[in-house]
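Participant: Here's a structure for you.
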Amino acid sequence: MAVLEVIRNFFVPSASREITVIIPAPPTSYSVHPLTEKDLDELLRLNFRCFKDGENYTKKTFTYLLTQPNALCYKTITANNRIAGFLCVLVGENGTGHITTIGVAPEHRRRGLAERLLGHLDQALYDRGISSAVLEVRVTNTSAQNLYRACGFTVLQRLPAYYNDGEDGFMMVKPVNFSQAEAA
Ligand SMILES: CC(C)(COP(=O)(O)OP(=O)(O)OC[C@H]1O[C@@H](n2cnc3c(N)ncnc32)[C@H](O)[C@@H]1OP(=O)(O)O)[C@@H](O)C(=O)NCCC(=O)NCCS
């Protein structure tokens with residue numbers, strides 16, 4: 001939790017709400033790779049498309065995440081080398097992997113990319129001897145909650161007014177599971 005306190009106030013203001021029609025991307029193959037500082041510009045553009053409720057991390061925050069020795073950051077790329085999804089985790093001193101952000105481009109959603117990133121993370125945490133993963137999610141973000149439940153997370157507690165706009169969050173946790181990590 002202490003780790004997240006460091007970065008959670010670096011959100012930038014909410015973007016305006018507009019209705020956009022999402023045309024699904026053509027079928028492509030995907031692969032998971034480390035996310036690095038070289039990806040920063042493309043990552044920031046994708047981040048703004050994923051988060052429209054004021055949860056957008058700034059360049060400073062992503063630079064912090066991408067340069068911390070205790071951070072694990074991954075991207076899913078398409079066959080033509082575009083970032084379709086991203087995931088950042090900070091490993092706390094208590095030996096827990098704290099998922100700080102995950103996003104998938106709207107045109108690539110419901111293709112299992114987030115599930116794949118979380119499976120990849122499971123393996124990475126397991127390889128480092130990390131036994132649990134934790135995250136926070138808005139109580140209204142039911143699609144993300146469904147994802148996390150599908151990946152083995154359960155709600156540990158409700159966090160009153162956790163977000164800057166006053167919305168409550170859920171803290172969700174999961175054990176890092178060898179068989180799930182192997183299956184990823
Ligand atoms: C949440 C998010 C990362 C999911 O990415 P995704 O690649 O589309 O998710 P997946 O395809 O791996 O979904 C895996 C499972 O999660 C659940 N799920 C994912 N999106 C869902 C949705 N919109 N509605 C209901 N269930 C959903 C389903 O159980 C799904 O399995 P299924 O497609 O077989 O039914 C993506 O919607 C996103 O980037 N949202 C905006 C950013 C965000 O809210 N991030 C989380 C902050 S806590």
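Scheme for the structure tokens: letters A, B, ... for chains in order shown; per-chain residue numbers from 1; ligand numbers from 1 in order shown.
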Contacts of segment 82-91 of chain A at 6 Å or less, counting only C-alpha atoms, minus same-chain residues fewer than 6 places along, as a ChimeraX atom specification?
Facilitator: /A:70-76,97-105
Participant: Please, which residues of chain A, numbered as in this document, come out helix (DSSP H, G or I) from DSSP, as a ChimeraX atom specification?
Facilitator: /A:2-10,37-50,59-67,106-108,113-127,142-150,178-183
Participant: Mind listing the residues within 7 Å of ligand 1, only C-alpha atoms and all ligand atoms counted, as a ChimeraX atom specification?
Facilitator: /A:50-51,101-106,108-116,136-138,141-144,146-148,150
Participant: Among segment 28-175 of chain A, which residues carry a DSSP assignment of strand (DSSP E), reported as a PyMOL selection string?
Facilitator: chain A and resi 30-34+71-78+83-91+96-104+132-138+154-159+169-175
Participant: Could you save the residues just selected, with C-alpha atoms, as a PDB file, in the first residue's frame?
Facilitator:
```pdb
ATOM      1  CA  TYR A  30       0.105 -11.141 -30.054  1.00  0.00           C
ATOM      2  CA  SER A  31       3.191 -11.598 -27.915  1.00  0.00           C
ATOM      3  CA  VAL A  32       4.261 -10.393 -24.463  1.00  0.00           C
ATOM      4  CA  HIS A  33       7.537  -8.519 -23.874  1.00  0.00           C
ATOM      5  CA  PRO A  34       9.126  -6.289 -21.230  1.00  0.00           C
ATOM      6  CA  ALA A  71       9.062  -2.884 -10.959  1.00  0.00           C
ATOM      7  CA  LEU A  72       7.868  -5.459 -13.461  1.00  0.00           C
ATOM      8  CA  CYS A  73       6.335  -3.934 -16.606  1.00  0.00           C
ATOM      9  CA  TYR A  74       5.099  -5.824 -19.646  1.00  0.00           C
ATOM     10  CA  LYS A  75       3.461  -5.041 -22.964  1.00  0.00           C
ATOM     11  CA  THR A  76       1.468  -7.086 -25.410  1.00  0.00           C
ATOM     12  CA  ILE A  77       2.376  -6.229 -28.990  1.00  0.00           C
ATOM     13  CA  THR A  78       0.677  -6.998 -32.272  1.00  0.00           C
ATOM     14  CA  ILE A  83       1.447  -1.935 -28.192  1.00  0.00           C
ATOM     15  CA  ALA A  84      -2.018  -3.386 -27.593  1.00  0.00           C
ATOM     16  CA  GLY A  85      -1.807  -3.782 -23.813  1.00  0.00           C
ATOM     17  CA  PHE A  86       0.351  -2.950 -20.822  1.00  0.00           C
ATOM     18  CA  LEU A  87       0.815  -3.930 -17.200  1.00  0.00           C
ATOM     19  CA  CYS A  88       2.974  -2.457 -14.416  1.00  0.00           C
ATOM     20  CA  VAL A  89       3.659  -3.996 -11.030  1.00  0.00           C
ATOM     21  CA  LEU A  90       5.740  -2.872  -8.074  1.00  0.00           C
ATOM     22  CA  VAL A  91       7.150  -5.529  -5.803  1.00  0.00           C
ATOM     23  CA  THR A  96       3.791  -8.768  -2.632  1.00  0.00           C
ATOM     24  CA  GLY A  97       3.371  -7.840  -6.280  1.00  0.00           C
ATOM     25  CA  HIS A  98       1.263  -4.661  -6.399  1.00  0.00           C
ATOM     26  CA  ILE A  99      -0.444  -4.188  -9.756  1.00  0.00           C
ATOM     27  CA  THR A 100      -0.432  -0.443 -10.352  1.00  0.00           C
ATOM     28  CA  THR A 101      -1.951  -0.303 -13.825  1.00  0.00           C
ATOM     29  CA  ILE A 102      -3.235  -2.540 -16.605  1.00  0.00           C
ATOM     30  CA  GLY A 103      -4.831  -1.468 -19.855  1.00  0.00           C
ATOM     31  CA  VAL A 104      -5.743  -2.904 -23.242  1.00  0.00           C
ATOM     32  CA  SER A 132       0.831 -12.939  -3.654  1.00  0.00           C
ATOM     33  CA  ALA A 133      -0.472 -10.175  -5.902  1.00  0.00           C
ATOM     34  CA  VAL A 134      -2.665  -7.250  -4.867  1.00  0.00           C
ATOM     35  CA  LEU A 135      -4.484  -4.435  -6.670  1.00  0.00           C
ATOM     36  CA  GLU A 136      -7.140  -1.776  -6.257  1.00  0.00           C
ATOM     37  CA  VAL A 137     -10.103  -1.328  -8.559  1.00  0.00           C
ATOM     38  CA  ARG A 138     -13.011   1.104  -8.637  1.00  0.00           C
ATOM     39  CA  THR A 154     -10.878 -12.083  -4.589  1.00  0.00           C
ATOM     40  CA  VAL A 155     -12.005  -8.935  -2.777  1.00  0.00           C
ATOM     41  CA  LEU A 156     -10.141  -8.494   0.511  1.00  0.00           C
ATOM     42  CA  GLN A 157     -11.699  -5.213   1.601  1.00  0.00           C
ATOM     43  CA  ARG A 158     -13.560  -2.104   0.469  1.00  0.00           C
ATOM     44  CA  LEU A 159     -11.502   1.107   0.474  1.00  0.00           C
ATOM     45  CA  GLY A 169     -12.274   0.991  -4.338  1.00  0.00           C
ATOM     46  CA  PHE A 170     -11.927  -2.710  -3.718  1.00  0.00           C
ATOM     47  CA  MET A 171      -8.627  -4.223  -2.712  1.00  0.00           C
ATOM     48  CA  MET A 172      -8.315  -7.585  -4.444  1.00  0.00           C
ATOM     49  CA  VAL A 173      -5.680 -10.215  -3.779  1.00  0.00           C
ATOM     50  CA  LYS A 174      -4.593 -13.567  -5.105  1.00  0.00           C
ATOM     51  CA  PRO A 175      -1.979 -16.125  -4.238  1.00  0.00           C
TER      52      PRO A 175
END
```
Participant: Go through A:Ile22, A:Arg149, A:Asp127, A:Val139 one by one, measure the shortest atom-to-atom distance of each to Arg49 of chain A using only C-alpha atoms, and give the residue with the smallest value.
Facilitator: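 Going through A:Ile22, A:Arg149, A:Asp127, A:Val139 one by one, the smallest distance to Arg49 of chain A is for A:Ile22.
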Participant: Go through A:Asp122, A:Asp39, A:Glu107, A:Asp168 and flag the residue nearest Thr20 of chain A, using only C-alpha atoms for the distances.
Facilitator: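 Among A:Asp122, A:Asp39, A:Glu107, A:Asp168, it is A:Glu107 that comes nearest to Thr20 of chain A.
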Participant: Report, in Å to a single decimal, how far apart atom CA of Thr67 of chain A and atom CA of Leu43 of chain A are.
Facilitator: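 Answer for the atom CA of Leu43 of chain A to atom CA of Thr67 of chain A separation: 14.3 Å.
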Participant: Report, in Å with one decimal, the straight-line distance from atom CA of Pro160 of chain A to atom CA of Ile130 of chain A.
Facilitator: 27.8 Å
